file entry_27.txt (compact mmCIF, C-alpha atoms)
# COMPACT_ATOMS: atom_id res chain seq x y z
CA MET A 1 46.37 179.62 176.89
CA ASN A 2 49.00 176.87 176.98
CA ILE A 3 48.68 174.93 180.26
CA LEU A 4 52.42 175.00 181.00
CA LYS A 5 52.50 178.79 180.47
CA LEU A 6 49.46 179.14 182.75
CA LEU A 7 51.13 177.07 185.48
CA LYS A 8 54.25 179.24 185.29
CA LYS A 9 52.26 182.51 185.15
CA THR A 10 50.25 181.62 188.27
CA GLY A 11 53.24 180.28 190.23
CA ALA A 12 51.87 176.74 190.14
CA LEU A 13 55.08 175.18 188.79
CA LEU A 14 57.65 175.24 191.58
CA GLU A 15 61.34 174.32 191.53
CA GLY A 16 63.38 173.23 194.54
CA HIS A 17 63.37 170.03 196.62
CA PHE A 18 59.99 168.55 197.46
CA ILE A 19 58.54 165.53 199.22
CA LEU A 20 55.43 164.48 197.33
CA SER A 21 52.32 162.98 198.95
CA SER A 22 53.60 159.58 197.78
CA GLY A 23 56.80 160.05 199.81
CA LEU A 24 58.92 160.36 196.66
CA HIS A 25 61.24 163.35 196.25
CA SER A 26 61.31 165.69 193.25
CA GLY A 27 63.02 168.86 192.04
CA LYS A 28 59.73 170.19 190.66
CA TYR A 29 56.27 170.41 192.16
CA VAL A 30 52.96 171.32 190.57
CA GLN A 31 50.88 173.28 193.09
CA CYS A 32 47.55 173.29 191.23
CA ALA A 33 45.95 175.32 194.01
CA SER A 34 47.95 178.29 192.70
CA VAL A 35 46.14 178.15 189.36
CA LEU A 36 42.78 176.89 190.67
CA LYS A 37 42.50 179.82 193.11
CA TYR A 38 41.47 181.84 190.06
CA PRO A 39 37.86 180.83 189.29
CA LYS A 40 38.20 181.69 185.59
CA HIS A 41 41.19 179.34 185.25
CA ALA A 42 39.55 176.58 187.30
CA GLN A 43 36.42 176.80 185.20
CA SER A 44 38.31 176.92 181.89
CA LEU A 45 40.63 174.01 182.70
CA CYS A 46 37.81 171.82 184.01
CA ARG A 47 35.55 172.62 181.06
CA GLN A 48 38.35 171.43 178.77
CA LEU A 49 38.70 168.28 180.85
CA ALA A 50 34.91 167.73 180.96
CA ALA A 51 34.80 167.86 177.15
CA LYS A 52 36.62 164.51 177.16
CA PHE A 53 33.48 162.97 178.69
CA LYS A 54 30.91 164.48 176.35
CA GLY A 55 28.09 162.03 175.77
CA LYS A 56 29.02 159.78 178.72
CA LYS A 57 26.51 159.28 181.52
CA ILE A 58 28.07 160.48 184.77
CA ASP A 59 26.00 160.61 187.96
CA ALA A 60 28.68 162.06 190.24
CA VAL A 61 32.27 163.28 190.31
CA ILE A 62 34.36 162.35 193.35
CA ALA A 63 37.84 163.42 194.40
CA PRO A 64 40.24 162.68 197.22
CA ALA A 65 40.43 165.59 199.65
CA ILE A 66 41.99 168.07 199.48
CA GLY A 67 43.74 168.66 196.14
CA GLY A 68 40.98 167.30 193.95
CA ILE A 69 38.01 169.05 195.55
CA LEU A 70 38.00 172.10 193.26
CA VAL A 71 38.60 169.92 190.20
CA SER A 72 35.68 167.66 191.18
CA TYR A 73 33.42 170.65 191.75
CA GLU A 74 34.22 172.36 188.44
CA LEU A 75 34.02 169.09 186.49
CA ALA A 76 30.64 168.35 188.06
CA ARG A 77 29.43 171.83 187.19
CA ALA A 78 30.54 171.44 183.57
CA LEU A 79 28.96 167.98 183.38
CA GLY A 80 25.73 169.03 185.11
CA THR A 81 26.01 166.56 187.98
CA ARG A 82 26.96 166.55 191.67
CA SER A 83 30.40 166.72 193.24
CA ILE A 84 31.54 164.88 196.36
CA PHE A 85 34.88 164.12 197.97
CA ALA A 86 36.44 161.39 200.06
CA GLU A 87 38.45 162.08 203.21
CA ARG A 88 40.89 160.02 205.23
CA LYS A 89 39.60 158.73 208.52
CA ASN A 90 41.90 156.44 210.48
CA GLY A 91 44.13 156.21 207.41
CA GLN A 92 41.41 155.12 204.96
CA MET A 93 39.38 157.02 202.40
CA ARG A 94 35.77 157.38 203.51
CA LEU A 95 32.66 159.29 202.54
CA ARG A 96 31.44 161.74 205.17
CA ARG A 97 29.24 164.86 205.24
CA ASN A 98 26.12 163.01 204.01
CA PHE A 99 27.89 162.11 200.75
CA GLU A 100 26.82 158.85 199.19
CA ILE A 101 27.26 156.71 196.12
CA LYS A 102 24.30 154.57 195.18
CA LYS A 103 24.63 151.10 193.71
CA SER A 104 25.39 151.19 189.96
CA GLU A 105 25.88 154.98 189.86
CA LYS A 106 28.36 156.03 187.21
CA VAL A 107 31.18 157.95 188.87
CA LEU A 108 34.10 159.97 187.53
CA VAL A 109 37.12 160.10 189.87
CA ALA A 110 38.93 163.47 189.71
CA GLU A 111 42.25 164.81 190.97
CA ASP A 112 44.40 167.88 190.37
CA VAL A 113 47.79 166.16 189.89
CA ILE A 114 48.51 162.45 189.67
CA THR A 115 52.02 161.15 190.31
CA THR A 116 51.78 157.61 191.69
CA GLY A 117 47.98 157.52 191.66
CA GLY A 118 47.82 156.35 195.28
CA SER A 119 44.99 158.59 196.49
CA THR A 120 43.06 158.25 193.24
CA GLY A 121 43.40 154.47 193.41
CA GLU A 122 42.04 154.50 196.96
CA VAL A 123 39.02 156.52 195.82
CA ILE A 124 38.46 154.14 192.89
CA ASP A 125 38.45 151.24 195.36
CA LEU A 126 36.04 153.16 197.64
CA VAL A 127 33.60 153.80 194.77
CA LYS A 128 33.70 150.14 193.72
CA GLY A 129 33.29 149.01 197.32
CA LEU A 130 30.14 151.12 197.61
CA GLY A 131 28.69 149.56 194.45
CA GLY A 132 29.40 152.45 192.09
CA GLU A 133 30.77 152.06 188.59
CA VAL A 134 33.93 154.05 187.87
CA VAL A 135 33.55 155.55 184.39
CA ALA A 136 37.11 156.93 184.28
CA ALA A 137 39.71 158.93 186.21
CA ALA A 138 40.52 162.52 185.30
CA CYS A 139 43.20 165.02 186.29
CA ILE A 140 44.60 168.32 185.16
CA ILE A 141 48.23 167.15 185.32
CA ASP A 142 49.36 163.56 184.82
CA ARG A 143 52.96 163.23 185.91
CA SER A 144 52.78 159.46 186.42
CA GLY A 145 54.40 158.40 183.15
CA GLU A 146 52.22 155.27 183.28
CA LYS A 147 49.92 154.01 180.54
CA ASN A 148 47.64 151.77 182.62
CA LEU A 149 47.96 153.25 186.08
CA PHE A 150 44.48 152.09 187.12
CA GLY A 151 44.20 148.90 185.05
CA SER A 152 41.09 148.98 182.89
CA ILE A 153 40.06 152.43 184.17
CA ARG A 154 41.25 155.06 181.74
CA LEU A 155 43.06 158.16 182.99
CA ASN A 156 42.21 161.35 181.10
CA SER A 157 44.34 164.45 181.63
CA LEU A 158 44.83 167.89 180.16
CA CYS A 159 48.60 167.75 180.35
CA LYS A 160 51.22 165.03 180.75
CA MET A 161 54.45 166.14 182.41
CA ARG A 162 57.65 164.15 182.75
CA ILE A 163 59.15 165.17 186.08
CA LYS A 164 61.76 162.97 187.72
CA THR A 165 61.03 161.53 191.13
CA TYR A 166 63.33 159.70 193.52
CA PRO A 167 62.96 157.42 196.51
CA ALA A 168 64.26 159.31 199.57
CA GLU A 169 67.29 157.05 199.94
CA LYS A 170 68.37 157.73 196.33
CA CYS A 171 67.49 161.42 196.10
CA PRO A 172 70.33 163.49 194.60
CA LEU A 173 68.80 166.65 196.10
CA CYS A 174 69.11 165.17 199.60
CA LYS A 175 72.74 164.28 198.90
CA LYS A 176 73.37 167.95 197.98
CA ASN A 177 71.68 169.04 201.25
CA ILE A 178 69.13 171.13 199.39
CA PRO A 179 66.42 172.18 201.89
CA VAL A 180 63.25 170.15 201.51
CA ASP A 181 59.62 171.30 201.42
CA LYS A 182 56.50 169.12 201.77
CA PRO A 183 53.73 171.19 200.16
CA GLY A 184 51.17 168.38 199.63
CA SER A 185 48.01 167.78 201.61
CA ARG A 186 49.33 164.76 203.54
CA LEU A 187 51.54 166.49 206.07
call {"tool": "encode", "arguments": {"input": "entry_27.txt", "output": "structure tokens"}}
result
Amino acid sequence: MNILKLLKKTGALLEGHFILSSGLHSGKYVQCASVLKYPKHAQSLCRQLAAKFKGKKIDAVIAPAIGGILVSYELARALGTRSIFAERKNGQMRLRRNFEIKKSEKVLVAEDVITTGGSTGEVIDLVKGLGGEVVAAACIIDRSGEKNLFGSIRLNSLCKMRIKTYPAEKCPLCKKNIPVDKPGSRL
């Protein structure tokens, strides 16, 4: 099934006025949890994404909590490796829950939707800081519009979407007094 059709069918593509995790505003929001709540869709999408890494050695898949956890899990299952996630503690991404990255382990960083890449970038830095080697970044939806978002680390996605975003002070939706929603995980 076409990914855009699947997002619409499952109610994952929302229209309105949204504040993204990055703080930017947008008239559209991709709520991947609405499609990933269906195990068959989560498995299918992540198998397609995992196919992009066929033949690469990957010791672990890591995601920023909370949006990327299901993506990390399903990618790890498809790749036959383990899945872990990073959480914010005192404003910084950290490993908890007995999760670890060993020196020189090859790690894939996963996310559901990437807009500015802020959380994913923090997890990339965490992995490097722990001595791991970041193989690549992966997401279901790339709405960043950037070619080299993470420098030399390649971003692989299933779908690229061009959705306009605005700084709060320049948001036309705010100027029209359209009610705002903040559906992301950083409330």
call {"tool": "closest_residue", "arguments": {"input": "entry_27.txt", "among": "A:Ile3, A:Ala63, A:Ile163, A:Leu79", "to": "A:Ile124", "atoms": "only C-alpha atoms"}}
result
A:Ala63
call {"tool": "closest_residue", "arguments": {"input": "entry_27.txt", "among": "A:Ala51, A:Ala138, A:Cys159, A:Val30", "to": "A:Gly16", "atoms": "all atoms listed in the file"}}
result
A:Val30
call {"tool": "atom_distance", "arguments": {"input": "entry_27.txt", "atom1": "atom CA of A:Leu108", "atom2": "atom CA of A:Ala33"}}
result
20.4 Å
call {"tool": "atom_distance", "arguments": {"input": "entry_27.txt", "atom1": "atom CA of A:Gly131", "atom2": "atom CA of A:Lys106"}}
result
9.7 Å
call {"tool": "closest_residue", "arguments": {"input": "entry_27.txt", "among": "A:Asp112, A:Gly145, A:His17, A:Ile66", "to": "A:Asn177", "atoms": "all atoms listed in the file"}}
result
A:His17
call {"tool": "closest_atom_pairs", "arguments": {"input": "entry_27.txt", "of": "stretch 27-85 of chain A", "to": "stretch 92-99 of chain A", "cutoff": "9 Å", "atoms": "only C-alpha atoms", "output": "CSV"}}
result
residue,atom,partner,partner_atom,distance
A:Pro64,CA,A:Met93,CA,7.7
A:Ile84,CA,A:Phe99,CA,6.3
A:Phe85,CA,A:Leu95,CA,7.0
call {"tool": "closest_atom_pairs", "arguments": {"input": "entry_27.txt", "of": "stretch 129-176 of chain A", "to": "stretch 35-46 of chain A", "cutoff": "12 Å", "atoms": "only C-alpha atoms", "output": "tab-separated table"}}
result
residue	atom	partner	partner_atom	distance
A:Ala138	CA	A:Cys46	CA	9.8
A:Cys139	CA	A:Cys46	CA	9.0
A:Ile140	CA	A:Leu45	CA	7.4
A:Ile141	CA	A:Leu45	CA	10.6
A:Asn156	CA	A:Cys46	CA	11.7
A:Ser157	CA	A:Cys46	CA	10.1
A:Leu158	CA	A:Leu45	CA	7.8
A:Cys159	CA	A:Leu45	CA	10.4
call {"tool": "atom_distance", "arguments": {"input": "entry_27.txt", "atom1": "atom CA of A:Val107", "atom2": "atom CA of A:Leu20"}}
result
26.5 Å
call {"tool": "closest_residue", "arguments": {"input": "entry_27.txt", "among": "A:Leu4, A:Leu49, A:Val113, A:Ile62", "to": "A:Ser21", "atoms": "all atoms listed in the file"}}
result
A:Val113
call {"tool": "closest_residue", "arguments": {"input": "entry_27.txt", "among": "A:Val123, A:Leu173, A:Ala76, A:Leu130", "to": "A:Arg47", "atoms": "only C-alpha atoms"}}
result
A:Ala76
call {"tool": "closest_residue", "arguments": {"input": "entry_27.txt", "among": "A:Lys28, A:Lys54, A:Arg82, A:Lys103", "to": "A:Arg143", "atoms": "all atoms listed in the file"}}
result
A:Lys28
call {"tool": "residues_around", "arguments": {"input": "entry_27.txt", "residues": "A:Cys174", "least_positions_apart": "5", "cutoff": "12 Å", "atoms": "all atoms listed in the file", "output": "short mmCIF file (atom, residue, chain, number, x, y, z; two decimals) with C-alpha atoms, in the frame of the given file"}}
result
data_model
loop_
_atom_site.label_atom_id
_atom_site.label_comp_id
_atom_site.auth_asym_id
_atom_site.auth_seq_id
_atom_site.Cartn_x
_atom_site.Cartn_y
_atom_site.Cartn_z
CA GLY A 16 63.38 173.23 194.54
CA HIS A 17 63.37 170.03 196.62
CA PHE A 18 59.99 168.55 197.46
CA ILE A 19 58.54 165.53 199.22
CA LEU A 24 58.92 160.36 196.66
CA HIS A 25 61.24 163.35 196.25
CA SER A 26 61.31 165.69 193.25
CA GLY A 27 63.02 168.86 192.04
CA TYR A 166 63.33 159.70 193.52
CA PRO A 167 62.96 157.42 196.51
CA ALA A 168 64.26 159.31 199.57
CA GLU A 169 67.29 157.05 199.94
CA PRO A 179 66.42 172.18 201.89
CA VAL A 180 63.25 170.15 201.51
CA ASP A 181 59.62 171.30 201.42
#
call {"tool": "decode", "arguments": {"input": "entry_27.txt", "residues": "stretch 117-136 of chain A", "atoms": "C-alpha atoms", "output": "tab-separated table (two decimals), in the first residue's frame"}}
result
chain	number	residue	atom	x	y	z
A	117	GLY	CA	16.48	16.12	13.33
A	118	GLY	CA	17.07	17.53	16.81
A	119	SER	CA	16.28	14.41	18.86
A	120	THR	CA	17.92	12.10	16.34
A	121	GLY	CA	21.04	14.28	16.35
A	122	GLU	CA	21.16	14.09	20.15
A	123	VAL	CA	20.98	10.29	20.00
A	124	ILE	CA	23.72	10.20	17.34
A	125	ASP	CA	25.91	12.27	19.67
A	126	LEU	CA	25.05	9.95	22.59
A	127	VAL	CA	26.04	6.84	20.61
A	128	LYS	CA	29.33	8.42	19.53
A	129	GLY	CA	30.01	9.61	23.07
A	130	LEU	CA	29.61	6.04	24.32
A	131	GLY	CA	32.09	4.75	21.74
A	132	GLY	CA	29.55	3.29	19.31
A	133	GLU	CA	29.74	3.67	15.55
A	134	VAL	CA	26.62	5.13	13.94
A	135	VAL	CA	25.96	3.15	10.75
A	136	ALA	CA	23.11	5.40	9.58
